[in-house]
There are 2 protein chains.
Amino acid sequence: MGFREDLLAICGRVDGALAATLMGFDGIAIETAEVKGAEGVEMQTLMIEYSGILSQVRQAAESLQMGKASEVSIRTEKLVAVARPLNPDYFVLLALATDGNVGRARYELRVAGPKLAAQL
Amino acid sequence: MGFREDLLAICGRVDGALAATLMGFDGIAIETAEVKGAEGVEMQTLMIEYSGILSQVRQAAESLQMGKASEVSIRTEKLVAVARPLNPDYFVLLALATDGNVGRARYELRVAGPKLAAQL
């Protein structure tokens, strides 16, 4: 399967999934699958900005004694974003509705992570 | 109850809890309760650095159309930190062991949030 199929498959298994993306920490996406829009949210813009946040989190975690960041989730009024770094350059992110299944999202990204990373 | 008792009570109800803090986004803590150390992690330093990350997340979320950030969790190799903004100046953060109960941590912070915020 290609990246797009992988991302769509992840979305299909998580209740409330809105979109998934495989993206560089520089904000440039390799592939994005958007299955449902969130009201008043420009998903592409959001994911690019999110890459900046993740990049900061990663740097901060490494400059401390926390070890590498393996998962970051941010809940806002409009959505929940769960992200997982795959290697020093790329991460996978799943955006969900606020009532979506965050636990399942974390699980699916954990399972898919090594598979996606192996293809990069 | 005072803040310290509240924080200790939260730690007591969450498996794997290491420490809880009530802190300003400027990195200055009102109160911190440390119940267990994490190997090789200076908890105070970690929490102060974490305030910087949270501050950035909050600004990024607000500059987008995501709405206010209501919860941020970061999992690293050594621990999981779950944070919840209480008002524009303060947040509460719970640090857990990597095998701690993150779902319970999120629940306890959600319940405790309004109570802590009311005392600020």
# chains A, B, ... in the order shown; residues from 1 in each chain; ligands from 1

call {"tool": "closest_atom_pairs", "arguments": {"of": "chain B", "to": "chain A", "cutoff": "12 Å", "atoms": "only C-alpha atoms", "output": "Markdown table"}}
result
| residue | atom | partner | partner_atom | distance |
| --- | --- | --- | --- | --- |
| B:Ala38 | CA | A:Met66 | CA | 9.6 |
| B:Glu39 | CA | A:Gln65 | CA | 9.6 |
| B:Gly40 | CA | A:Gln65 | CA | 6.8 |
| B:Val41 | CA | A:Gln65 | CA | 5.5 |
| B:Glu42 | CA | A:Gln65 | CA | 7.5 |
| B:Met43 | CA | A:Gln65 | CA | 9.5 |
| B:Gln44 | CA | A:Leu64 | CA | 11.2 |
| B:Thr45 | CA | A:Leu64 | CA | 8.1 |
| B:Leu46 | CA | A:Leu64 | CA | 6.8 |
| B:Met47 | CA | A:Leu64 | CA | 10.3 |
| B:Ile48 | CA | A:Leu64 | CA | 10.6 |
| B:Glu49 | CA | A:Ala60 | CA | 7.3 |
| B:Tyr50 | CA | A:Ala60 | CA | 8.0 |
| B:Ser51 | CA | A:Ala60 | CA | 10.7 |
| B:Gly52 | CA | A:Ala60 | CA | 8.8 |
| B:Ile53 | CA | A:Val57 | CA | 6.2 |
| B:Leu54 | CA | A:Val57 | CA | 9.0 |
| B:Ser55 | CA | A:Ile53 | CA | 10.5 |
| B:Gln56 | CA | A:Ile53 | CA | 7.2 |
| B:Val57 | CA | A:Ile53 | CA | 6.2 |
| B:Arg58 | CA | A:Thr76 | CA | 9.3 |
| B:Gln59 | CA | A:Ile53 | CA | 9.9 |
| B:Ala60 | CA | A:Glu49 | CA | 7.2 |
| B:Ala61 | CA | A:Thr76 | CA | 7.5 |
| B:Glu62 | CA | A:Thr76 | CA | 9.3 |
| B:Ser63 | CA | A:Glu49 | CA | 9.5 |
| B:Leu64 | CA | A:Leu46 | CA | 6.8 |
| B:Gln65 | CA | A:Val41 | CA | 5.6 |
| B:Met66 | CA | A:Lys78 | CA | 5.6 |
| B:Gly67 | CA | A:Glu77 | CA | 5.0 |
| B:Lys68 | CA | A:Thr76 | CA | 5.3 |
| B:Ala69 | CA | A:Thr76 | CA | 4.1 |
| B:Ser70 | CA | A:Thr76 | CA | 5.2 |
| B:Glu71 | CA | A:Arg75 | CA | 5.0 |
| B:Val72 | CA | A:Ile74 | CA | 4.5 |
| B:Ser73 | CA | A:Ser73 | CA | 5.2 |
| B:Ile74 | CA | A:Val72 | CA | 4.5 |
| B:Arg75 | CA | A:Glu71 | CA | 5.0 |
| B:Thr76 | CA | A:Ala69 | CA | 4.1 |
| B:Glu77 | CA | A:Gly67 | CA | 5.0 |
| B:Lys78 | CA | A:Met66 | CA | 5.6 |
| B:Leu79 | CA | A:Met66 | CA | 6.9 |
| B:Val80 | CA | A:Glu71 | CA | 9.1 |
| B:Ala81 | CA | A:Val72 | CA | 9.7 |
| B:Val82 | CA | A:Ser73 | CA | 9.3 |
| B:Ala83 | CA | A:Ile74 | CA | 9.7 |
| B:Arg84 | CA | A:Arg75 | CA | 9.5 |
| B:Pro85 | CA | A:Thr76 | CA | 10.8 |
| B:Ala95 | CA | A:Met66 | CA | 11.1 |
| B:Leu96 | CA | A:Met66 | CA | 11.9 |
| B:Ala97 | CA | A:Met66 | CA | 11.3 |
| B:Thr98 | CA | A:Ser70 | CA | 10.7 |
| B:Asn101 | CA | A:Gly103 | CA | 11.9 |
| B:Val102 | CA | A:Gly103 | CA | 9.9 |
| B:Gly103 | CA | A:Gly103 | CA | 8.4 |
| B:Arg106 | CA | A:Arg75 | CA | 11.0 |

call {"tool": "select_by_dssp", "arguments": {"residues": "region 49-116 of chain A", "states": "strand (DSSP E)", "output": "PyMOL selection string"}}
result
chain A and resi 69-76+80-85+90-96

call {"tool": "atom_distance", "arguments": {"atom1": "CA of Ala17 (chain B)", "atom2": "CA of Tyr90 (chain B)"}}
result
20.5 Å

call {"tool": "closest_residue", "arguments": {"among": "A:Ala19, A:Tyr107, A:Val35, A:Gly113", "to": "Leu94 (chain A)", "atoms": "only C-alpha atoms"}}
result
A:Ala19

call {"tool": "select_by_dssp", "arguments": {"residues": "region 22-76 of chain B", "states": "alpha helix (DSSP H)", "output": "PyMOL selection string"}}
result
chain B and resi 43-63

call {"tool": "closest_residue", "arguments": {"among": "B:Ala118, B:Ala112, B:Gly24, B:Glu34", "to": "Pro88 (chain B)", "atoms": "only C-alpha atoms"}}
result
B:Gly24

call {"tool": "residues_around", "arguments": {"residues": "Glu31 (chain A)", "least_positions_apart": "4", "cutoff": "8 Å", "atoms": "only C-alpha atoms", "output": "number ranges by chain"}}
result
A: 3-4, 21-23

call {"tool": "residues_around", "arguments": {"residues": "Asn87 (chain B)", "least_positions_apart": "3", "cutoff": "9 Å", "atoms": "only C-alpha atoms", "output": "list in words"}}
result
Tyr90, Phe91, Ala117 and Leu120 of chain B

call {"tool": "write_last_selection", "arguments": {"atoms": "C-alpha atoms", "output": "PDB file, in the first residue's frame"}}
result
ATOM      1  CA  TYR B  90      -1.883  29.202  35.146  1.00  0.00           C
ATOM      2  CA  PHE B  91      -1.974  25.499  34.351  1.00  0.00           C
ATOM      3  CA  ALA B 117      -9.198  27.586  38.938  1.00  0.00           C
ATOM      4  CA  LEU B 120      -6.706  31.204  41.879  1.00  0.00           C
TER       5      LEU B 120
END
